[in-house]
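Inspection log for the structure reproduced underneath, given as structure tokens.
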Number of protein chains: 2
Amino acid sequence: VSDRSTPSAEWCRPRSSVGSLADYLSECRELVLAEIEQIVPSRRARTGGLYELMLDYPLRPAKALRPALCIATCRALGGQLESVVRSAAVLELYHNAFLIHDDVEDGSLKRRQEQTLHRKHGVPVAVNVGDGMLALTMKPLLENMELIGVGPALRILLAIADMARETAEGQALELEWVQSCNWVLTDRDYFWMVVKKSAWYSFIVPIAVGAIAAGASDDDSRRLRLFARRLGVAFQIEDDVLNLAADESVYGKECSGDLWEGKRTLLLLHALRSATHIERERAVEILSRPRPPELDRSTPAAVAARVIDNGNRPCKTVADVLFLRDLIDRYHSLSYAQQIALRWARLAVATLDGMGEALPDSVHRHFLYSVSEFVTERDR
Amino acid sequence: VSDRSTPSAEWCRPRSSVGSLADYLSECRELVLAEIEQIVPSRRARTGGLYELMLDYPLRPAKALRPALCIATCRALGGQLESVVRSAAVLELYHNAFLIHDDVEDGSLKRRQEQTLHRKHGVPVAVNVGDGMLALTMKPLLENMELIGVGPALRILLAIADMARETAEGQALELEWVQSCNWVLTDRDYFWMVVKKSAWYSFIVPIAVGAIAAGASDDDSRRLRLFARRLGVAFQIEDDVLNLAADESVYGKECSGDLWEGKRTLLLLHALRSATHIERERAVEILSRPRPPELDRSTPAAVAARVIDNGNRPCKTVADVLFLRDLIDRYHSLSYAQQIALRWARLAVATLDGMGEALPDSVHRHFLYSVSEFVTERDR
């Protein structure tokens with residue numbers, strides 16, 4: 001990452017690159033956390049604990065993939081670490097602010113092995129901490145002007161403004177589907193939402209910012225954005241798969257949380273499309289119901305009987321969620337989703353391959369390739 | 001406001017200036033709403049209703065005081081309307097985004113005579129709409145560079161970043177007091193919170209942005225910020241008074257909402273300080289309880305008996321809130337607060353007086369004076 005990093009033998013063997021991938025991520029994370037600790041004010045008197053809480057999510061164990069993508073792109077194009085590290089830190093700060101608000105909006109229980117911020121401190125505090133983090137992003141982005149020049153600094157600001165807008169649109173689209181109980185959705189609808197809701201801020205803009213910081217040509221920037229978009233879709237589909245397939249202690253989020261929350265995922269949409277009329281009707285009825293209040297989730301009542309939520313609506317039961325999982329298994333929807341993720345990841349790799357000399361061999365270029373492999377191989 | 005506005009005879013008679021004040025506000029509001037409708041994208045396909053909802057709060061009847069202060073300051077200093085109107089619109093957009101999140105955080109029921117956004121569409125949608133509005137503010141502020149030059153445009157961006165940070169700090173401070181049931185607060189604690197939580201984004205930055213857009217000297221800017229800070233404190237104290245004293249249909253918010261919510265206001269802190277030990281203990285016990293779920297508020301149960309909230313805690317009753325109001329009446333806390341508001345408003349006026357030739361006589365200067373009078377006279 002920094003100039004101290006030299007390509008190790010590991011990086012030359014893609015099939016065994018996980019160790020190096022982890023090292024690269026971890027080195028980027030260290031660099032970016034140090035920046036974040038500079039961006040978040042250290043004066044703490046009369047600020048109601050705001051700044052301590054801003055560091056809660058960033059300091060929990062996490063891959064910090066977004067800043068690593070940003071740094072790797074800049075370095076792979078020949079840019080300097082100093083030109084990009086602060087912008088990468090801003091992206092990580094944004095990501096964590098989004099996560100806080102997203103957890104509130106989805107009513108999520110766990111994030112990175114711990115309780116979500118709103119469960120620990122209440123929705124009011126969580127909404128405000130997210131807002132405060134967003135407020136802190138402007139100044140370092142303006143300081144970029146001295147570092148990389150006015151033009152590139154402005155392009156980064158605009159890219160981040162676009163990102164915030166696209167993410168809100170994607171979130172709005174998903175919330176509208178939830179509120180209107182809309183389950184008649186095509187894979188195309190899903191891709192549209194996922195590009196907006198997660199690919200923009202997890203892949204497209206981190207990689208675009210890396211390219212801007214390196215002073216990439218328009219053509220290279222365009223190709224890198226295409227790579228990012230394809231990788232982003234692949235990544236989110238894999239994430240949906242992991243949510244169902246993985247062990248909670250490894251994955252860090254609640255297991256089958258997507259089913260409890262009634263999330264529109266590619267694999268669930270596939271199962272619903274493949275199901276019989278009767279199965280689909282029952283599944284949609286289950287999905288329209290709220291999740292039970294957390295304390296009731298493991299009681300015998302929640303397994304089979306009806307638990308009632310605050311709005312007097314019957315909640316999903318454990319048996320309901322098992323029915324959904326059965327449906328997904330019966331119609332091989334996990335493998336359907338994985339196939340599509342694989343196809344997108346391969347398209348992403350092909351885009352990177354097409355960049356030729358613009359992306360000379362380096363540890364950073366290897367990292368970009370390894371992330372593409374990681375997406376499709378992390379659960380095998 | 002625009003060059004069509006000329007000083008009317010009304011403005012020369014401060015005691016009867018309310019008509020002109022309303023006209024000035026209303027003209028600014030029209031200008032700013034037209035800008036907001038340009039800033040909010042008109043394409044609406046596949047955006048989940050996000051952009052319609054962004055216009056909900058701004059289009060509800062409102063004074064639009066903040067953009068008027070911004071425009072009046074710029075114009076009073078000799079600046080052009082075109083230099084400031086877009087920044088004023090951004091401030092109004094920010095204000096409405098804050099209101100949406102603030103209503104979520106405070107659990108408020110009404111805003112501008114209607115249900116709050118989260119009551120109409122749920123907390124997830126409200127949090128996301130606020131985030132989306134914040135995302136839209138960056139681009140118009142960057143476009144300022146062509147309009148007023150790079151230097152002033154950057155200073156406006158930094159002022160708005162500071163504003164967002166200060167507001168989050170103020171909100172965090174208040175939420176911390178709520179969570180720790182802290183009622184042992186001095187007037188100084190209250191001023192500190194109020195300057196951060198409301199004066200910054202309602203007065204200090206609107207007026208600072210107007211001054212930057214007009215190209216004001218450092219000295220004039222400094223004095224205008226002092227004016228804004230003093231006026232902001234006066235304004236918030238008056239707002240607290242109105243929340244208790246005013247008629248719901250005129251005020252637009254729920255009546256005595258601050259008492260139901262358990263807000264730290266100057267007048268309530270005064271009543272608690274003045275009360276006997278027994279009264280204070282009962283008041284603090286009442287204030288520590290949550291507000292009842294809205295539907296139960298007008299039922300006989302809520303008047304005297306205990307209503308239980310979702311967390312199994314006993315709620316405030318109508319009798320409880322009447323007890324708090326009695327305390328406030330008994331210790332003349334409304335008049336105490338009004339005296340202090342008056343003192344701050346007079347200090348604000350004195351600051352403006354001290355600006356002499358920098359602020360020549362104009363309809364805009366009259367507006368700034370009238371707002372100061374409005375603060376202390378609107379409920380008489």
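Quick note on naming: the chains in the structure tokens go A, B, ... in the order shown, residues restart at 1 in each chain, and ligands are numbered from 1 in order of appearance.
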
- Query: Near B:Glu357, within 12 Å and counting only C-alpha atoms, which residues show up once chain neighbours fewer than 6 positions away are dropped, as a list in words?
  - Reply: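 Near neighbours after the sequence-gap exclusion: Ala76, Leu77, Gly78, Asp220 and Arg365 of chain B.
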
Dump of N, CA, C and O atoms for the selected residues, as an mmCIF file, in the first residue's frame:
data_model
loop_
_atom_site.group_PDB
_atom_site.id
_atom_site.type_symbol
_atom_site.label_atom_id
_atom_site.label_comp_id
_atom_site.auth_asym_id
_atom_site.auth_seq_id
_atom_site.Cartn_x
_atom_site.Cartn_y
_atom_site.Cartn_z
ATOM 1 N N ALA B 76 -28.302 43.949 2.312
ATOM 2 C CA ALA B 76 -28.068 45.110 3.177
ATOM 3 C C ALA B 76 -26.620 45.587 3.062
ATOM 4 O O ALA B 76 -26.329 46.769 3.236
ATOM 5 N N LEU B 77 -25.711 44.655 2.772
ATOM 6 C CA LEU B 77 -24.287 45.006 2.621
ATOM 7 C C LEU B 77 -23.967 45.444 1.195
ATOM 8 O O LEU B 77 -22.801 45.658 0.850
ATOM 9 N N GLY B 78 -24.985 45.510 0.336
ATOM 10 C CA GLY B 78 -24.763 45.958 -1.034
ATOM 11 C C GLY B 78 -24.543 44.828 -2.027
ATOM 12 O O GLY B 78 -24.232 45.074 -3.192
ATOM 13 N N ASP B 220 -16.805 43.424 9.591
ATOM 14 C CA ASP B 220 -18.262 43.410 9.465
ATOM 15 C C ASP B 220 -18.815 41.998 9.644
ATOM 16 O O ASP B 220 -19.849 41.802 10.292
ATOM 17 N N ARG B 365 -31.878 46.199 5.576
ATOM 18 C CA ARG B 365 -31.444 46.539 6.936
ATOM 19 C C ARG B 365 -32.662 46.614 7.858
ATOM 20 O O ARG B 365 -32.646 46.097 8.985
#

Give me, as a list in words, the residues of chain A touching chain B, with the criterion being at most 7 Å (counting only C-alpha atoms). Arg46, Thr47, Gly48, Gly49, Leu50, Val104, Glu105, Val123, Pro124, Val125, Asn128, Asp131, Gly132, Ala135, Leu136, Met138, Lys139, Leu158, Ala161, Ala164, Arg165, Ala168, Glu169, Gly170, Ala172, Leu173, Leu175 and Glu176 of chain A

Pick from B:Leu21, B:Met145, B:Val85, B:Ala358 nearest to B:Ala34, counting only C-alpha atoms: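 Closest to B:Ala34 of all the choices is B:Val85.
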
For the strand (DSSP E or B) assignment from backbone DSSP, which residues of stretch 74-267 of chain B qualify? Please present them as number ranges by chain. B: 110-111, 114-115

Which parts of stretch 53-103 of chain A does DSSP call alpha helix (DSSP H) when run on the backbone here, written out as a CSV table (one decimal) with all heavy atoms, in the first residue's frame?
chain,number,residue,atom,x,y,z
A,53,LEU,N,-18.8,8.2,19.9
A,53,LEU,CA,-19.7,7.3,19.2
A,53,LEU,C,-19.4,7.2,17.7
A,53,LEU,O,-19.7,6.2,17.1
A,53,LEU,CB,-21.2,7.7,19.4
A,53,LEU,CG,-21.7,7.5,20.9
A,53,LEU,CD1,-23.1,8.1,21.0
A,53,LEU,CD2,-21.6,6.1,21.3
A,54,MET,N,-18.9,8.3,17.1
A,54,MET,CA,-18.5,8.2,15.7
A,54,MET,C,-17.4,7.2,15.4
A,54,MET,O,-17.3,6.7,14.3
A,54,MET,CB,-17.9,9.6,15.3
A,54,MET,CG,-19.0,10.6,15.1
A,54,MET,SD,-18.2,12.1,14.4
A,54,MET,CE,-19.6,13.2,14.5
A,56,ASP,N,-17.2,4.3,17.1
A,56,ASP,CA,-17.6,3.0,17.4
A,56,ASP,C,-17.6,2.0,16.3
A,56,ASP,O,-16.8,1.0,16.3
A,56,ASP,CB,-19.0,3.1,18.1
A,56,ASP,CG,-19.6,1.7,18.5
A,56,ASP,OD1,-19.1,0.7,18.0
A,56,ASP,OD2,-20.5,1.7,19.4
A,57,TYR,N,-18.4,2.3,15.2
A,57,TYR,CA,-18.4,1.4,14.1
A,57,TYR,C,-17.0,1.3,13.4
A,57,TYR,O,-16.6,0.1,13.1
A,57,TYR,CB,-19.5,1.8,13.0
A,57,TYR,CG,-20.9,1.3,13.3
A,57,TYR,CD1,-21.3,0.8,14.5
A,57,TYR,CD2,-21.8,1.3,12.3
A,57,TYR,CE1,-22.6,0.3,14.7
A,57,TYR,CE2,-23.1,0.8,12.5
A,57,TYR,CZ,-23.5,0.3,13.7
A,57,TYR,OH,-24.8,-0.1,13.9
A,58,PRO,N,-16.4,2.4,13.1
A,58,PRO,CA,-15.1,2.2,12.4
A,58,PRO,C,-14.1,1.4,13.1
A,58,PRO,O,-13.3,0.7,12.5
A,58,PRO,CB,-14.5,3.7,12.3
A,58,PRO,CG,-15.8,4.5,12.3
A,58,PRO,CD,-16.7,3.8,13.2
A,59,LEU,N,-14.1,1.4,14.5
A,59,LEU,CA,-13.1,0.6,15.2
A,59,LEU,C,-13.5,-0.9,15.4
A,59,LEU,O,-12.7,-1.7,15.9
A,59,LEU,CB,-12.9,1.3,16.6
A,59,LEU,CG,-12.1,2.6,16.5
A,59,LEU,CD1,-12.0,3.2,17.9
A,59,LEU,CD2,-10.8,2.5,15.9
A,65,LEU,N,-12.9,-2.6,3.0
A,65,LEU,CA,-12.8,-2.8,1.6
A,65,LEU,C,-12.8,-1.6,0.8
A,65,LEU,O,-12.0,-1.4,-0.2
A,65,LEU,CB,-13.9,-3.8,1.1
A,65,LEU,CG,-13.9,-4.2,-0.3
A,65,LEU,CD1,-12.6,-4.9,-0.7
A,65,LEU,CD2,-15.1,-5.0,-0.7
A,66,ARG,N,-13.7,-0.6,1.1
A,66,ARG,CA,-13.8,0.6,0.3
A,66,ARG,C,-12.6,1.4,0.2
A,66,ARG,O,-12.1,1.7,-0.9
A,66,ARG,CB,-15.0,1.4,0.7
A,66,ARG,CG,-16.3,0.6,0.4
A,66,ARG,CD,-17.5,0.9,1.4
A,66,ARG,NE,-18.5,-0.1,1.3
A,66,ARG,CZ,-18.5,-1.3,1.9
A,66,ARG,NH1,-17.6,-1.6,2.7
A,66,ARG,NH2,-19.5,-2.1,1.7
A,67,PRO,N,-12.0,1.8,1.3
A,67,PRO,CA,-10.7,2.5,1.2
A,67,PRO,C,-9.6,1.8,0.6
A,67,PRO,O,-8.8,2.3,-0.1
A,67,PRO,CB,-10.4,2.9,2.7
A,67,PRO,CG,-11.3,2.0,3.5
A,67,PRO,CD,-12.5,1.7,2.7
A,68,ALA,N,-9.6,0.4,0.8
A,68,ALA,CA,-8.5,-0.4,0.1
A,68,ALA,C,-8.7,-0.3,-1.4
A,68,ALA,O,-7.7,-0.2,-2.1
A,68,ALA,CB,-8.6,-1.8,0.6
A,69,LEU,N,-10.0,-0.4,-1.9
A,69,LEU,CA,-10.2,-0.3,-3.3
A,69,LEU,C,-9.7,1.1,-3.9
A,69,LEU,O,-9.2,1.2,-4.9
A,69,LEU,CB,-11.7,-0.5,-3.6
A,69,LEU,CG,-12.2,-1.9,-3.5
A,69,LEU,CD1,-13.8,-1.9,-3.6
A,69,LEU,CD2,-11.6,-2.8,-4.7
A,70,CYS,N,-10.0,2.1,-3.1
A,70,CYS,CA,-9.7,3.5,-3.5
A,70,CYS,C,-8.2,3.6,-3.5
A,70,CYS,O,-7.6,4.1,-4.5
A,70,CYS,CB,-10.3,4.4,-2.4
A,70,CYS,SG,-10.1,6.1,-2.8
A,71,ILE,N,-7.5,3.2,-2.5
A,71,ILE,CA,-6.0,3.3,-2.4
A,71,ILE,C,-5.4,2.4,-3.5
A,71,ILE,O,-4.5,2.9,-4.3
A,71,ILE,CB,-5.5,2.9,-1.0
A,71,ILE,CG1,-6.0,3.9,0.0
A,71,ILE,CG2,-4.0,2.7,-1.0
A,71,ILE,CD1,-5.7,3.5,1.5
A,72,ALA,N,-5.9,1.2,-3.7
A,72,ALA,CA,-5.3,0.3,-4.7
A,72,ALA,C,-5.4,0.9,-6.1
A,72,ALA,O,-4.5,0.8,-6.9
A,72,ALA,CB,-5.9,-1.1,-4.6
A,73,THR,N,-6.6,1.4,-6.4
A,73,THR,CA,-6.8,2.0,-7.7
A,73,THR,C,-5.8,3.1,-8.0
A,73,THR,O,-5.2,3.2,-9.1
A,73,THR,CB,-8.3,2.5,-7.9
A,73,THR,OG1,-9.1,1.4,-7.6
A,73,THR,CG2,-8.5,3.0,-9.3
A,74,CYS,N,-5.7,4.0,-7.1
A,74,CYS,CA,-4.8,5.2,-7.2
A,74,CYS,C,-3.4,4.7,-7.4
A,74,CYS,O,-2.7,5.1,-8.3
A,74,CYS,CB,-4.9,6.1,-6.0
A,74,CYS,SG,-3.7,7.4,-6.0
A,75,ARG,N,-2.9,3.8,-6.5
A,75,ARG,CA,-1.5,3.3,-6.6
A,75,ARG,C,-1.3,2.4,-7.8
A,75,ARG,O,-0.2,2.5,-8.4
A,75,ARG,CB,-1.2,2.4,-5.3
A,75,ARG,CG,-1.5,3.2,-4.0
A,75,ARG,CD,-0.4,4.1,-3.7
A,75,ARG,NE,0.8,3.4,-3.2
A,75,ARG,CZ,2.0,3.7,-3.6
A,75,ARG,NH1,2.2,4.6,-4.5
A,75,ARG,NH2,3.0,3.0,-3.1
A,76,ALA,N,-2.3,1.7,-8.3
A,76,ALA,CA,-2.1,0.8,-9.5
A,76,ALA,C,-2.0,1.7,-10.7
A,76,ALA,O,-1.3,1.3,-11.7
A,76,ALA,CB,-3.3,-0.1,-9.6
A,81,LEU,N,0.4,7.6,-2.5
A,81,LEU,CA,-0.5,7.3,-1.3
A,81,LEU,C,-1.0,8.6,-0.7
A,81,LEU,O,-2.2,8.7,-0.4
A,81,LEU,CB,0.3,6.5,-0.3
A,81,LEU,CG,-0.4,6.1,1.0
A,81,LEU,CD1,-1.6,5.2,0.7
A,81,LEU,CD2,0.5,5.5,2.0
A,82,GLU,N,-0.2,9.6,-0.6
A,82,GLU,CA,-0.6,10.8,0.0
A,82,GLU,C,-1.7,11.5,-0.7
A,82,GLU,O,-2.5,12.3,-0.1
A,82,GLU,CB,0.6,11.8,0.1
A,82,GLU,CG,1.8,11.3,0.9
A,82,GLU,CD,2.6,10.3,0.0
A,82,GLU,OE1,3.1,10.7,-1.1
A,82,GLU,OE2,2.7,9.1,0.4
A,83,SER,N,-1.8,11.3,-2.0
A,83,SER,CA,-2.9,11.9,-2.8
A,83,SER,C,-4.2,11.3,-2.5
A,83,SER,O,-5.2,12.0,-2.8
A,83,SER,CB,-2.6,11.8,-4.3
A,83,SER,OG,-1.3,12.1,-4.6
A,84,VAL,N,-4.3,10.2,-1.9
A,84,VAL,CA,-5.5,9.4,-1.9
A,84,VAL,C,-6.0,9.0,-0.5
A,84,VAL,O,-7.2,8.8,-0.3
A,84,VAL,CB,-5.5,8.2,-2.8
A,84,VAL,CG1,-4.7,7.1,-2.2
A,84,VAL,CG2,-6.8,7.7,-3.2
A,85,VAL,N,-5.1,9.0,0.4
A,85,VAL,CA,-5.4,8.4,1.7
A,85,VAL,C,-6.5,9.1,2.5
A,85,VAL,O,-7.4,8.5,3.1
A,85,VAL,CB,-4.1,8.1,2.6
A,85,VAL,CG1,-3.5,9.4,3.1
A,85,VAL,CG2,-4.4,7.2,3.7
A,86,ARG,N,-6.5,10.4,2.4
A,86,ARG,CA,-7.5,11.2,3.1
A,86,ARG,C,-8.9,11.0,2.5
A,86,ARG,O,-9.9,10.8,3.2
A,86,ARG,CB,-7.1,12.7,3.1
A,86,ARG,CG,-7.9,13.5,4.1
A,86,ARG,CD,-7.1,14.5,4.8
A,86,ARG,NE,-6.8,14.1,6.2
A,86,ARG,CZ,-6.9,14.8,7.3
A,86,ARG,NH1,-7.4,16.1,7.2
A,86,ARG,NH2,-6.6,14.4,8.5
A,87,SER,N,-8.9,11.0,1.2
A,87,SER,CA,-10.2,10.8,0.5
A,87,SER,C,-10.7,9.4,0.8
A,87,SER,O,-11.9,9.1,1.0
A,87,SER,CB,-10.1,10.9,-1.0
A,87,SER,OG,-9.6,12.2,-1.4
A,88,ALA,N,-9.8,8.4,0.9
A,88,ALA,CA,-10.2,7.0,1.3
A,88,ALA,C,-10.8,7.0,2.7
A,88,ALA,O,-11.7,6.3,2.9
A,88,ALA,CB,-9.0,6.1,1.2
A,89,ALA,N,-10.2,7.8,3.6
A,89,ALA,CA,-10.7,7.8,4.9
A,89,ALA,C,-12.1,8.4,5.0
A,89,ALA,O,-13.0,8.0,5.7
A,89,ALA,CB,-9.7,8.6,5.8
A,90,VAL,N,-12.3,9.5,4.1
A,90,VAL,CA,-13.6,10.1,4.1
A,90,VAL,C,-14.7,9.1,3.6
A,90,VAL,O,-15.8,9.0,4.1
A,90,VAL,CB,-13.6,11.3,3.1
A,90,VAL,CG1,-15.0,11.8,2.8
A,90,VAL,CG2,-12.9,12.5,3.8
A,91,LEU,N,-14.3,8.3,2.6
A,91,LEU,CA,-15.2,7.2,2.1
A,91,LEU,C,-15.5,6.2,3.2
A,91,LEU,O,-16.7,5.8,3.3
A,91,LEU,CB,-14.6,6.5,0.9
A,91,LEU,CG,-14.5,7.4,-0.4
A,91,LEU,CD1,-13.7,6.6,-1.4
A,91,LEU,CD2,-15.9,7.7,-0.9
A,92,GLU,N,-14.6,5.9,4.0
A,92,GLU,CA,-14.8,4.9,5.1
A,92,GLU,C,-15.7,5.6,6.1
A,92,GLU,O,-16.6,4.9,6.7
A,92,GLU,CB,-13.5,4.5,5.7
A,92,GLU,CG,-13.6,3.4,6.8
A,92,GLU,CD,-14.2,2.0,6.3
A,92,GLU,OE1,-14.4,1.9,5.1
A,92,GLU,OE2,-14.4,1.2,7.1
A,93,LEU,N,-15.5,6.9,6.4
A,93,LEU,CA,-16.4,7.6,7.3
A,93,LEU,C,-17.8,7.6,6.8
A,93,LEU,O,-18.8,7.4,7.5
A,93,LEU,CB,-15.8,9.0,7.5
A,93,LEU,CG,-16.2,9.7,8.8
A,93,LEU,CD1,-15.7,9.0,10.0
A,93,LEU,CD2,-15.6,11.1,8.8
A,94,TYR,N,-18.0,7.9,5.5
A,94,TYR,CA,-19.3,7.9,4.9
A,94,TYR,C,-19.9,6.5,5.0
A,94,TYR,O,-21.1,6.4,5.4
A,94,TYR,CB,-19.1,8.2,3.4
A,94,TYR,CG,-19.7,9.5,2.9
A,94,TYR,CD1,-18.9,10.6,2.6
A,94,TYR,CD2,-21.1,9.7,2.8
A,94,TYR,CE1,-19.4,11.8,2.2
A,94,TYR,CE2,-21.6,10.9,2.4
A,94,TYR,CZ,-20.8,12.0,2.1
A,94,TYR,OH,-21.3,13.2,1.7
A,95,HIS,N,-19.2,5.5,4.7
A,95,HIS,CA,-19.7,4.1,4.8
A,95,HIS,C,-20.2,3.9,6.1
A,95,HIS,O,-21.3,3.3,6.3
A,95,HIS,CB,-18.5,3.2,4.4
A,95,HIS,CG,-18.8,1.7,4.7
A,95,HIS,ND1,-20.0,1.1,4.2
A,95,HIS,CD2,-18.2,0.8,5.4
A,95,HIS,CE1,-20.0,-0.2,4.6
A,95,HIS,NE2,-18.9,-0.4,5.3
A,96,ASN,N,-19.5,4.2,7.2
A,96,ASN,CA,-19.9,3.9,8.5
A,96,ASN,C,-21.2,4.8,8.9
A,96,ASN,O,-22.0,4.3,9.6
A,96,ASN,CB,-18.8,4.1,9.5
A,96,ASN,CG,-17.8,3.0,9.5
A,96,ASN,OD1,-18.0,1.9,10.1
A,96,ASN,ND2,-16.7,3.1,8.7
A,97,ALA,N,-21.2,6.0,8.4
A,97,ALA,CA,-22.4,6.8,8.7
A,97,ALA,C,-23.7,6.2,8.0
A,97,ALA,O,-24.7,6.1,8.6
A,97,ALA,CB,-22.2,8.2,8.1
A,98,PHE,N,-23.4,5.7,6.7
A,98,PHE,CA,-24.5,5.0,6.0
A,98,PHE,C,-25.0,3.8,6.8
A,98,PHE,O,-26.2,3.5,6.9
A,98,PHE,CB,-24.1,4.5,4.6
A,98,PHE,CG,-24.0,5.6,3.6
A,98,PHE,CD1,-23.1,5.5,2.5
A,98,PHE,CD2,-24.8,6.7,3.7
A,98,PHE,CE1,-23.0,6.4,1.5
A,98,PHE,CE2,-24.7,7.7,2.7
A,98,PHE,CZ,-23.8,7.6,1.6
A,99,LEU,N,-24.0,3.0,7.3
A,99,LEU,CA,-24.3,1.8,8.0
A,99,LEU,C,-25.2,2.1,9.2
A,99,LEU,O,-26.2,1.4,9.5
A,99,LEU,CB,-23.0,1.1,8.5
A,99,LEU,CG,-22.2,0.4,7.4
A,99,LEU,CD1,-21.0,-0.3,8.1
A,99,LEU,CD2,-23.0,-0.6,6.7
A,100,ILE,N,-24.9,3.2,10.0
A,100,ILE,CA,-25.6,3.5,11.1
A,100,ILE,C,-27.1,3.8,10.7
A,100,ILE,O,-28.0,3.3,11.3
A,100,ILE,CB,-25.0,4.7,11.9
A,100,ILE,CG1,-23.6,4.4,12.4
A,100,ILE,CG2,-25.9,5.3,13.0
A,100,ILE,CD1,-22.9,5.6,13.0
A,101,HIS,N,-27.3,4.7,9.7
A,101,HIS,CA,-28.6,5.0,9.3
A,101,HIS,C,-29.3,3.8,8.7
A,101,HIS,O,-30.5,3.6,8.9
A,101,HIS,CB,-28.6,6.2,8.3
A,101,HIS,CG,-28.4,7.5,9.0
A,101,HIS,ND1,-28.4,8.7,8.3
A,101,HIS,CD2,-28.1,7.8,10.3
A,101,HIS,CE1,-28.2,9.7,9.2
A,101,HIS,NE2,-28.0,9.2,10.4
A,102,ASP,N,-28.6,3.0,7.9
A,102,ASP,CA,-29.1,1.8,7.3
A,102,ASP,C,-29.6,0.8,8.3
A,102,ASP,O,-30.7,0.2,8.2
A,102,ASP,CB,-28.0,1.2,6.4
A,102,ASP,CG,-28.5,0.4,5.3
A,102,ASP,OD1,-29.5,0.9,4.6
A,102,ASP,OD2,-28.1,-0.8,5.1
A,103,ASP,N,-28.8,0.7,9.4
A,103,ASP,CA,-29.3,-0.3,10.5
A,103,ASP,C,-30.5,0.2,11.1
A,103,ASP,O,-31.4,-0.6,11.5
A,103,ASP,CB,-28.1,-0.4,11.5
A,103,ASP,CG,-27.0,-1.2,11.0
A,103,ASP,OD1,-27.2,-2.0,10.0
A,103,ASP,OD2,-25.9,-1.2,11.6

Of B:Arg43, B:Lys263, B:Arg343, B:His364, the one nearest to B:Leu231 when counting only C-alpha atoms is B:Arg343

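Nearest to B:Val194 of all the residues B:Gly257, B:Leu266, B:Val241, B:Val209 is B:Leu266, based on only C-alpha atoms.
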
- Selected residue, from B:Lys110, B:Gln38, B:Ile237, B:Gly232, that lies nearest to B:Pro140 when counting only C-alpha atoms: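 Closest to B:Pro140 of all the choices is B:Gln38.
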
What does the structure give for the distance between atom CA of B:Leu287 and atom CA of B:Gly262, in Å to one decimal?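 Atom CA of B:Gly262 lies 5.3 Å from atom CA of B:Leu287.
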
Non-local contacts of B:Gly215 (8 Å; only C-alpha atoms; under 3 positions in same chain excluded) as a compact mmCIF listing (two decimals) with C-alpha atoms, in the first residue's frame:
# COMPACT_ATOMS: atom_id res chain seq x y z
CA GLY B 79 -24.51 42.42 -2.49
CA PRO B 152 -16.04 33.02 -1.25
CA ALA B 211 -22.02 38.40 4.38
CA ILE B 212 -19.61 36.17 2.43

request  = Find the spatial neighbours of B:Leu269, counting only C-alpha atoms, within a cut-off of 12 Å - ignore same-chain residues fewer than 2 positions away - and output them as a PyMOL selection string.
outcome  = chain B and resi 182-191+237+240+259+262-267+271-275+280+283-284+287+324+327-328+331-334+336-337

Self-check item: d(atom CA of A:Ala199, atom CA of A:Arg229) in Å
Solution: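 Here the two named atoms are 6.0 Å from each other.
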
| Which neighbours of B:Leu342 fall inside 12 Å, counting only C-alpha atoms, when residues of the same chain fewer than 4 positions from it are skipped, and could you give them as a VMD selection string? | chain B and resid 230 to 238 335 to 338 346 to 349 372 to 378

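Atom CA of B:Glu27 is positioned 13.5 Å from atom CA of B:Pro61.
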
Item to complete: Identify, on the basis of only C-alpha atoms, every residue whose closest approach to A:Lys63 does not exceed 10 Å; exclude the query and any residue fewer than 3 positions from it along the same chain; express the result as a ChimeraX atom specification.
Response: /A:22,24-26,28-29,60,66-68
